[in-house]
$ cat target_18.pdb   # PDB, C-alpha atoms and all ligand atoms
MODEL        1
ATOM      1  CA  MET A   1     -46.978  11.533  -6.991  1.00  0.00           C
ATOM      2  CA  THR A   2     -50.451  12.313  -5.895  1.00  0.00           C
ATOM      3  CA  ALA A   3     -51.120   9.830  -3.086  1.00  0.00           C
ATOM      4  CA  ILE A   4     -53.097  11.260  -0.218  1.00  0.00           C
ATOM      5  CA  VAL A   5     -51.012  11.857   2.875  1.00  0.00           C
ATOM      6  CA  SER A   6     -52.649  11.945   6.291  1.00  0.00           C
ATOM      7  CA  GLY A   7     -52.390  15.370   7.881  1.00  0.00           C
ATOM      8  CA  LEU A   8     -52.228  17.032   4.503  1.00  0.00           C
ATOM      9  CA  SER A   9     -55.246  15.537   2.841  1.00  0.00           C
ATOM     10  CA  GLY A  10     -57.201  17.843   0.636  1.00  0.00           C
ATOM     11  CA  PRO A  11     -58.342  18.244  -2.933  1.00  0.00           C
ATOM     12  CA  LEU A  12     -55.670  17.042  -5.331  1.00  0.00           C
ATOM     13  CA  ALA A  13     -54.729  17.793  -8.910  1.00  0.00           C
ATOM     14  CA  ALA A  14     -58.030  19.602  -9.648  1.00  0.00           C
ATOM     15  CA  SER A  15     -56.530  22.861  -8.426  1.00  0.00           C
ATOM     16  CA  ARG A  16     -52.874  22.348  -9.239  1.00  0.00           C
ATOM     17  CA  ARG A  17     -50.605  25.203  -8.383  1.00  0.00           C
ATOM     18  CA  GLU A  18     -48.204  26.857 -10.806  1.00  0.00           C
ATOM     19  CA  CYS A  19     -44.445  26.735 -10.276  1.00  0.00           C
ATOM     20  CA  GLY A  20     -44.079  30.491 -10.690  1.00  0.00           C
ATOM     21  CA  GLY A  21     -40.487  31.428  -9.922  1.00  0.00           C
ATOM     22  CA  CYS A  22     -39.606  28.039  -8.422  1.00  0.00           C
ATOM     23  CA  THR A  23     -37.137  25.867 -10.305  1.00  0.00           C
ATOM     24  CA  LEU A  24     -35.725  23.862  -7.411  1.00  0.00           C
ATOM     25  CA  CYS A  25     -36.530  20.421  -8.848  1.00  0.00           C
ATOM     26  CA  CYS A  26     -34.223  21.328 -11.770  1.00  0.00           C
ATOM     27  CA  LYS A  27     -31.379  21.447  -9.253  1.00  0.00           C
ATOM     28  CA  VAL A  28     -31.998  18.760  -6.646  1.00  0.00           C
ATOM     29  CA  TYR A  29     -32.821  15.765  -8.878  1.00  0.00           C
ATOM     30  CA  ASN A  30     -30.781  13.975 -11.499  1.00  0.00           C
ATOM     31  CA  VAL A  31     -32.041  13.897 -15.085  1.00  0.00           C
ATOM     32  CA  VAL A  32     -31.217  10.581 -16.735  1.00  0.00           C
ATOM     33  CA  ALA A  33     -31.817  11.917 -20.268  1.00  0.00           C
ATOM     34  CA  PHE A  34     -28.929  14.404 -19.949  1.00  0.00           C
ATOM     35  CA  GLY A  35     -26.785  12.573 -17.409  1.00  0.00           C
ATOM     36  CA  LYS A  36     -27.389  15.550 -15.139  1.00  0.00           C
ATOM     37  CA  PRO A  37     -26.334  14.780 -11.565  1.00  0.00           C
ATOM     38  CA  ALA A  38     -28.550  15.527  -8.582  1.00  0.00           C
ATOM     39  CA  GLY A  39     -27.649  18.709  -6.732  1.00  0.00           C
ATOM     40  CA  LYS A  40     -26.420  20.699  -9.768  1.00  0.00           C
ATOM     41  CA  TRP A  41     -28.499  23.071 -11.835  1.00  0.00           C
ATOM     42  CA  CYS A  42     -29.649  21.661 -15.137  1.00  0.00           C
ATOM     43  CA  SER A  43     -27.894  23.420 -18.009  1.00  0.00           C
ATOM     44  CA  HIS A  44     -31.337  24.173 -19.529  1.00  0.00           C
ATOM     45  CA  CYS A  45     -32.605  25.900 -16.387  1.00  0.00           C
ATOM     46  CA  ALA A  46     -32.783  29.626 -15.857  1.00  0.00           C
ATOM     47  CA  PRO A  47     -32.887  29.499 -12.046  1.00  0.00           C
ATOM     48  CA  GLY A  48     -35.878  31.396 -10.707  1.00  0.00           C
ATOM     49  CA  ARG A  49     -37.359  31.798 -14.197  1.00  0.00           C
ATOM     50  CA  GLY A  50     -37.921  28.355 -15.687  1.00  0.00           C
ATOM     51  CA  CYS A  51     -36.881  25.812 -18.275  1.00  0.00           C
ATOM     52  CA  ASN A  52     -35.376  26.976 -21.573  1.00  0.00           C
ATOM     53  CA  ILE A  53     -36.569  23.870 -23.424  1.00  0.00           C
ATOM     54  CA  HIS A  54     -40.075  23.848 -22.036  1.00  0.00           C
ATOM     55  CA  ASP A  55     -41.614  22.729 -25.339  1.00  0.00           C
ATOM     56  CA  ASN A  56     -39.207  19.808 -25.652  1.00  0.00           C
ATOM     57  CA  LEU A  57     -38.922  18.390 -22.170  1.00  0.00           C
ATOM     58  CA  PRO A  58     -37.523  14.954 -21.407  1.00  0.00           C
ATOM     59  CA  ALA A  59     -40.362  12.649 -20.356  1.00  0.00           C
ATOM     60  CA  GLU A  60     -39.060  12.415 -16.803  1.00  0.00           C
ATOM     61  CA  CYS A  61     -39.308  16.214 -16.428  1.00  0.00           C
ATOM     62  CA  ALA A  62     -42.728  16.384 -18.092  1.00  0.00           C
ATOM     63  CA  ALA A  63     -44.031  13.721 -15.711  1.00  0.00           C
ATOM     64  CA  PHE A  64     -42.718  15.346 -12.554  1.00  0.00           C
ATOM     65  CA  ASP A  65     -44.869  17.174 -10.047  1.00  0.00           C
ATOM     66  CA  CYS A  66     -43.883  17.971  -6.504  1.00  0.00           C
ATOM     67  CA  LEU A  67     -46.315  17.601  -3.640  1.00  0.00           C
ATOM     68  CA  TRP A  68     -46.646  21.354  -3.183  1.00  0.00           C
ATOM     69  CA  LYS A  69     -48.061  21.635  -6.701  1.00  0.00           C
ATOM     70  CA  THR A  70     -50.567  18.830  -6.439  1.00  0.00           C
ATOM     71  CA  MET A  71     -51.677  19.210  -2.841  1.00  0.00           C
ATOM     72  CA  PRO A  72     -53.158  22.637  -2.144  1.00  0.00           C
ATOM     73  CA  ALA A  73     -53.514  21.741   1.559  1.00  0.00           C
ATOM     74  CA  LEU A  74     -49.740  22.057   1.824  1.00  0.00           C
ATOM     75  CA  PRO A  75     -49.195  25.615   3.123  1.00  0.00           C
ATOM     76  CA  MET A  76     -47.515  28.239   0.978  1.00  0.00           C
ATOM     77  CA  HIS A  77     -44.332  28.230   3.061  1.00  0.00           C
ATOM     78  CA  TRP A  78     -43.730  24.716   1.701  1.00  0.00           C
ATOM     79  CA  LYS A  79     -43.280  26.085  -1.809  1.00  0.00           C
ATOM     80  CA  PRO A  80     -39.907  24.522  -2.629  1.00  0.00           C
ATOM     81  CA  ASP A  81     -38.079  27.758  -3.464  1.00  0.00           C
ATOM     82  CA  GLN A  82     -39.080  29.100  -0.032  1.00  0.00           C
ATOM     83  CA  ALA A  83     -38.698  25.880   1.945  1.00  0.00           C
ATOM     84  CA  LYS A  84     -35.419  24.996   0.168  1.00  0.00           C
ATOM     85  CA  MET A  85     -36.609  21.401  -0.145  1.00  0.00           C
ATOM     86  CA  VAL A  86     -38.872  19.457  -2.462  1.00  0.00           C
ATOM     87  CA  LEU A  87     -41.493  17.001  -1.210  1.00  0.00           C
ATOM     88  CA  THR A  88     -42.792  14.068  -3.214  1.00  0.00           C
ATOM     89  CA  VAL A  89     -44.667  10.879  -2.429  1.00  0.00           C
ATOM     90  CA  HIS A  90     -42.842   7.756  -3.544  1.00  0.00           C
ATOM     91  CA  PRO A  91     -45.141   6.032  -6.047  1.00  0.00           C
ATOM     92  CA  GLN A  92     -44.550   2.518  -4.676  1.00  0.00           C
ATOM     93  CA  THR A  93     -44.118   2.996  -0.935  1.00  0.00           C
ATOM     94  CA  ASN A  94     -46.108   6.202  -0.444  1.00  0.00           C
ATOM     95  CA  ASN A  95     -43.199   7.379   1.696  1.00  0.00           C
ATOM     96  CA  ILE A  96     -42.841  11.143   1.845  1.00  0.00           C
ATOM     97  CA  GLN A  97     -39.442  12.005   0.389  1.00  0.00           C
ATOM     98  CA  VAL A  98     -37.930  15.354   1.271  1.00  0.00           C
ATOM     99  CA  VAL A  99     -35.003  16.360  -0.946  1.00  0.00           C
ATOM    100  CA  VAL A 100     -33.104  19.344   0.438  1.00  0.00           C
ATOM    101  CA  ASP A 101     -31.318  22.016  -1.599  1.00  0.00           C
ATOM    102  CA  PRO A 102     -27.623  21.125  -1.150  1.00  0.00           C
ATOM    103  CA  GLY A 103     -26.920  24.853  -0.817  1.00  0.00           C
ATOM    104  CA  GLN A 104     -29.183  24.946   2.286  1.00  0.00           C
ATOM    105  CA  LYS A 105     -28.402  21.623   3.931  1.00  0.00           C
ATOM    106  CA  SER A 106     -29.995  22.444   7.279  1.00  0.00           C
ATOM    107  CA  ALA A 107     -33.246  23.790   5.803  1.00  0.00           C
ATOM    108  CA  TRP A 108     -35.241  20.799   7.036  1.00  0.00           C
ATOM    109  CA  THR A 109     -34.156  21.397  10.652  1.00  0.00           C
ATOM    110  CA  ARG A 110     -35.686  24.903  10.751  1.00  0.00           C
ATOM    111  CA  GLN A 111     -39.122  25.623  12.125  1.00  0.00           C
ATOM    112  CA  PRO A 112     -41.895  25.353  11.274  1.00  0.00           C
ATOM    113  CA  TYR A 113     -40.584  22.769   8.813  1.00  0.00           C
ATOM    114  CA  HIS A 114     -39.056  20.250  11.192  1.00  0.00           C
ATOM    115  CA  GLY A 115     -42.097  20.279  13.480  1.00  0.00           C
ATOM    116  CA  GLN A 116     -44.408  19.747  10.529  1.00  0.00           C
ATOM    117  CA  LEU A 117     -42.285  16.880   9.215  1.00  0.00           C
ATOM    118  CA  ARG A 118     -42.549  15.338  12.683  1.00  0.00           C
ATOM    119  CA  SER A 119     -46.355  15.739  12.547  1.00  0.00           C
ATOM    120  CA  LEU A 120     -46.396  14.043   9.151  1.00  0.00           C
ATOM    121  CA  ALA A 121     -44.360  11.161  10.581  1.00  0.00           C
ATOM    122  CA  LYS A 122     -46.837  10.800  13.446  1.00  0.00           C
ATOM    123  CA  SER A 123     -49.903  10.795  11.247  1.00  0.00           C
ATOM    124  CA  ASN A 124     -48.534   8.504   8.527  1.00  0.00           C
ATOM    125  CA  MET A 125     -46.461   5.904  10.323  1.00  0.00           C
ATOM    126  CA  ALA A 126     -49.410   3.764  11.341  1.00  0.00           C
ATOM    127  CA  LYS A 127     -50.084   3.274   7.628  1.00  0.00           C
ATOM    128  CA  GLY A 128     -46.465   2.292   7.023  1.00  0.00           C
ATOM    129  CA  HIS A 129     -45.638   5.512   5.181  1.00  0.00           C
ATOM    130  CA  LEU A 130     -42.343   7.006   6.338  1.00  0.00           C
ATOM    131  CA  VAL A 131     -40.899  10.513   6.156  1.00  0.00           C
ATOM    132  CA  ILE A 132     -37.323  10.438   4.839  1.00  0.00           C
ATOM    133  CA  VAL A 133     -35.143  13.522   4.350  1.00  0.00           C
ATOM    134  CA  PHE A 134     -32.305  13.467   1.817  1.00  0.00           C
ATOM    135  CA  VAL A 135     -29.355  15.834   1.793  1.00  0.00           C
ATOM    136  CA  GLY A 136     -27.526  14.478  -1.214  1.00  0.00           C
ATOM    137  CA  GLU A 137     -27.435  10.716  -0.670  1.00  0.00           C
ATOM    138  CA  MET A 138     -27.429  11.058   3.118  1.00  0.00           C
ATOM    139  CA  ALA A 139     -30.816  10.139   4.517  1.00  0.00           C
ATOM    140  CA  THR A 140     -32.515  10.880   7.819  1.00  0.00           C
ATOM    141  CA  LEU A 141     -35.648   9.069   8.921  1.00  0.00           C
ATOM    142  CA  ILE A 142     -38.106  11.261  10.803  1.00  0.00           C
ATOM    143  CA  LEU A 143     -39.884   9.228  13.468  1.00  0.00           C
ATOM    144  CA  PRO A 144     -42.737  10.509  15.645  1.00  0.00           C
ATOM    145  CA  ASP A 145     -40.311  11.365  18.478  1.00  0.00           C
ATOM    146  CA  GLN A 146     -36.775  11.399  17.070  1.00  0.00           C
ATOM    147  CA  ASP A 147     -34.661  11.583  13.939  1.00  0.00           C
ATOM    148  CA  VAL A 148     -32.569   8.589  12.864  1.00  0.00           C
ATOM    149  CA  GLN A 149     -29.512   9.028  10.648  1.00  0.00           C
ATOM    150  CA  LEU A 150     -29.647   6.317   7.984  1.00  0.00           C
ATOM    151  CA  GLY A 151     -26.422   7.226   6.184  1.00  0.00           C
ATOM    152  CA  VAL A 152     -26.232   6.780   2.425  1.00  0.00           C
ATOM    153  CA  LEU A 153     -29.521   5.442   1.065  1.00  0.00           C
ATOM    154  CA  THR A 154     -29.772   4.434  -2.572  1.00  0.00           C
ATOM    155  CA  LEU A 155     -32.773   3.970  -4.855  1.00  0.00           C
ATOM    156  CA  GLU A 156     -32.246   0.224  -4.638  1.00  0.00           C
ATOM    157  CA  GLN A 157     -32.767   0.225  -0.883  1.00  0.00           C
ATOM    158  CA  VAL A 158     -35.982  -0.052   1.109  1.00  0.00           C
ATOM    159  CA  VAL A 159     -36.573   1.131   4.690  1.00  0.00           C
ATOM    160  CA  SER A 160     -39.047  -0.427   7.086  1.00  0.00           C
ATOM    161  CA  VAL A 161     -39.983   0.548  10.638  1.00  0.00           C
ATOM    162  CA  THR A 162     -41.821  -1.544  13.199  1.00  0.00           C
ATOM    163  CA  LEU A 163     -42.731  -0.543  16.729  1.00  0.00           C
ATOM    164  CA  GLU A 164     -41.635  -3.319  19.086  1.00  0.00           C
ATOM    165  CA  ALA A 165     -43.473  -3.379  22.424  1.00  0.00           C
ATOM    166  CA  GLY A 166     -41.398  -3.391  25.591  1.00  0.00           C
ATOM    167  CA  PRO A 167     -41.674  -2.755  29.343  1.00  0.00           C
ATOM    168  CA  SER A 168     -40.322   0.788  29.112  1.00  0.00           C
ATOM    169  CA  GLY A 169     -42.311   1.996  26.125  1.00  0.00           C
ATOM    170  CA  GLY A 170     -40.820  -0.167  23.408  1.00  0.00           C
ATOM    171  CA  ALA A 171     -38.520   0.684  20.544  1.00  0.00           C
ATOM    172  CA  TYR A 172     -38.611   1.360  16.838  1.00  0.00           C
ATOM    173  CA  GLU A 173     -36.811  -1.282  14.826  1.00  0.00           C
ATOM    174  CA  VAL A 174     -35.443   0.291  11.666  1.00  0.00           C
ATOM    175  CA  LYS A 175     -34.384  -2.068   8.883  1.00  0.00           C
ATOM    176  CA  ILE A 176     -32.759  -1.321   5.560  1.00  0.00           C
ATOM    177  CA  PHE A 177     -33.039  -3.859   2.768  1.00  0.00           C
ATOM    178  CA  ASN A 178     -31.231  -4.142  -0.543  1.00  0.00           C
ATOM    179  CA  ARG A 179     -33.395  -4.963  -3.559  1.00  0.00           C
ATOM    180  CA  ARG A 180     -32.044  -7.841  -5.619  1.00  0.00           C
ATOM    181  CA  ALA A 181     -33.316  -8.857  -9.038  1.00  0.00           C
ATOM    182  CA  THR A 182     -33.989 -12.585  -9.219  1.00  0.00           C
ATOM    183  CA  ALA A 183     -35.302 -14.943 -11.867  1.00  0.00           C
ATOM    184  CA  GLY A 184     -38.680 -14.812 -10.132  1.00  0.00           C
ATOM    185  CA  GLY A 185     -38.760 -11.015  -9.921  1.00  0.00           C
ATOM    186  CA  GLN A 186     -37.302  -9.213  -6.958  1.00  0.00           C
ATOM    187  CA  THR A 187     -36.217 -10.083  -3.455  1.00  0.00           C
ATOM    188  CA  LEU A 188     -35.211  -8.039  -0.410  1.00  0.00           C
ATOM    189  CA  GLU A 189     -32.027  -8.783   1.516  1.00  0.00           C
ATOM    190  CA  LEU A 190     -31.520  -7.309   4.982  1.00  0.00           C
ATOM    191  CA  ALA A 191     -28.611  -4.849   4.956  1.00  0.00           C
ATOM    192  CA  SER A 192     -28.873  -3.407   8.470  1.00  0.00           C
ATOM    193  CA  ALA A 193     -31.145  -3.237  11.498  1.00  0.00           C
ATOM    194  CA  SER A 194     -31.130  -0.920  14.506  1.00  0.00           C
ATOM    195  CA  LEU A 195     -33.286  -0.318  17.585  1.00  0.00           C
ATOM    196  CA  HIS A 196     -34.326   3.160  18.772  1.00  0.00           C
ATOM    197  CA  PRO A 197     -36.084   3.336  22.152  1.00  0.00           C
ATOM    198  CA  VAL A 198     -39.334   5.298  22.078  1.00  0.00           C
ATOM    199  CA  ARG A 199     -38.690   8.665  23.707  1.00  0.00           C
ATOM    200  CA  SER A 200     -42.216   9.906  24.131  1.00  0.00           C
ATOM    201  CA  ALA A 201     -45.789   8.872  23.439  1.00  0.00           C
ATOM    202  CA  ALA A 202     -46.116   8.817  19.648  1.00  0.00           C
TER     203      ALA A 202
HETATM  204  S1  LIG B 301     -40.137  21.897  -7.179  1.00  0.00           S
HETATM  205 FE1  LIG B 301     -42.349  21.870  -7.574  1.00  0.00          FE
HETATM  206  S2  LIG B 301     -42.992  24.040  -7.620  1.00  0.00           S
HETATM  207 FE2  LIG B 301     -40.746  23.952  -7.842  1.00  0.00          FE
HETATM  208  S3  LIG B 301     -40.388  23.958 -10.059  1.00  0.00           S
HETATM  209 FE3  LIG B 301     -40.439  21.801  -9.405  1.00  0.00          FE
HETATM  210  S4  LIG B 301     -42.568  21.139  -9.691  1.00  0.00           S
HETATM  211 FE4  LIG B 301     -42.548  23.399  -9.742  1.00  0.00          FE
HETATM  212  S1  LIG B 302     -34.851  19.985 -18.849  1.00  0.00           S
HETATM  213 FE1  LIG B 302     -35.972  21.751 -18.086  1.00  0.00          FE
HETATM  214  S2  LIG B 302     -37.483  20.887 -16.631  1.00  0.00           S
HETATM  215 FE2  LIG B 302     -35.899  19.317 -16.980  1.00  0.00          FE
HETATM  216  S3  LIG B 302     -34.405  19.646 -15.326  1.00  0.00           S
HETATM  217 FE3  LIG B 302     -33.700  20.785 -17.118  1.00  0.00          FE
HETATM  218  S4  LIG B 302     -34.501  22.852 -16.782  1.00  0.00           S
HETATM  219 FE4  LIG B 302     -35.663  21.474 -15.455  1.00  0.00          FE
ENDMDL
END
$ encode --input "target_18.pdb" --output "structure tokens"
Amino acid sequence: MTAIVSGLSGPLAASRRECGGCTLCCKVYNVVAFGKPAGKWCSHCAPGRGCNIHDNLPAECAAFDCLWKTMPALPMHWKPDQAKMVLTVHPQTNNIQVVVDPGQKSAWTRQPYHGQLRSLAKSNMAKGHLVIVFVGEMATLILPDQDVQLGVLTLEQVVSVTLEAGPSGGAYEVKIFNRRATAGGQTLELASASLHPVRSAA
């Protein structure tokens, strides 16, 4: 989870930050090893203090780093326990995934956060990297000029956005695909498509 993101580029892992009193990832994500659901505190977590089994972590916890830890260019107000959301970069798509504390569902709509997510969308979309906010399973795609409600988005689904030219500024075509395992590997099946007229110069 250390891919460089335009608009936030800076020295990576060399100067990793410490979690300090933040434990938000122990709430917002599921932990397969324990069957812990996303959105509930892990039973091994002392919220605001840390993990009680730190010397015996499941591999998925040991491997996890949020973007705030690995990217010092991300300002301090993005520390997840302050922002009430955790940012990561998806390892395959390089999409920026924003997972919001379910106890603070509107955190991502506050400023300066929403404006900065919009800036990230502007600076990364040309590379095909999207900014997607999750409140539980409900996803919102942040485009350079508008937010698009995607509804429930699962790990097996893939989102793509293309800017279609048109006489009045064009439109974003948002597609959601389902991943299907096949004998030859994997295939994508279109699940939905929608058009969103461009509202302003992106
Ligand atoms: S969300 Fe980030 S800063 Fe907070 S505990 Fe997890 S890894 Fe550490
Ligand atoms: S095992 Fe520890 S690091 Fe992993 S979610 Fe639970 S409290 Fe957090």
$ residues_near_point --input "target_18.pdb" --point "(-29.2, 6.9, 1.0)" --cutoff "8 Å" --atoms "all atoms listed in the file" --output "list in words"
Phe134, Glu137, Met138, Ala139, Leu150, Gly151, Val152, Leu153, Thr154, Leu155 and Gln157 of chain A
$ atom_distance --input "target_18.pdb" --atom1 "CA of Val198 (chain A)" --atom2 "CA of Thr109 (chain A)"
20.4 Å
$ resolve_selection --input "target_18.pdb" --expression "the PyMOL selection byres (((not hetatm)) within 6 of (chain B and resi 301))" --output "list in words"
Cys19, Cys22, Thr23, Leu24, Cys25, Asp65, Cys66, Lys69, Pro80 and Val86 of chain A
$ residues_near_ligand --input "target_18.pdb" --ligand "ligand LIG 302 (chain B)" --cutoff "7 Å" --atoms "only C-alpha atoms and all ligand atoms" --output "PyMOL selection string"
chain A and resi 23+25-26+31+42-45+50-54+57-58+61
$ resolve_selection --input "target_18.pdb" --expression "the PyMOL selection byres (((chain A and resi 188) around 12) and not hetatm)" --output "list of chain:residue names"
A:Glu156, A:Gln157, A:Val158, A:Val159, A:Ser160, A:Lys175, A:Ile176, A:Phe177, A:Asn178, A:Arg179, A:Arg180, A:Ala181, A:Thr182, A:Gly185, A:Gln186, A:Thr187, A:Glu189, A:Leu190, A:Ala191, A:Ser192
$ residues_around --input "target_18.pdb" --residues "Arg199 (chain A)" --least-positions-apart "5" --cutoff "8 Å" --atoms "all atoms listed in the file" --output "mmCIF file with C-alpha atoms, in the frame of the given file"
data_model
loop_
_atom_site.group_PDB
_atom_site.id
_atom_site.type_symbol
_atom_site.label_atom_id
_atom_site.label_comp_id
_atom_site.auth_asym_id
_atom_site.auth_seq_id
_atom_site.Cartn_x
_atom_site.Cartn_y
_atom_site.Cartn_z
ATOM 1 C CA ASP A 145 -40.311 11.365 18.478
ATOM 2 C CA GLN A 146 -36.775 11.399 17.070
ATOM 3 C CA GLY A 169 -42.311 1.996 26.125
#
$ closest_residue --input "target_18.pdb" --among "A:His129, A:Asp55, A:Ser119, A:His196" --to "Gln149 (chain A)" --atoms "only C-alpha atoms"
A:His196
$ resolve_selection --input "target_18.pdb" --expression "the PyMOL selection byres (((chain A and resi 163) around 9) and not hetatm)" --output "number ranges by chain"
A: 161-162, 164-165, 170-174, 198
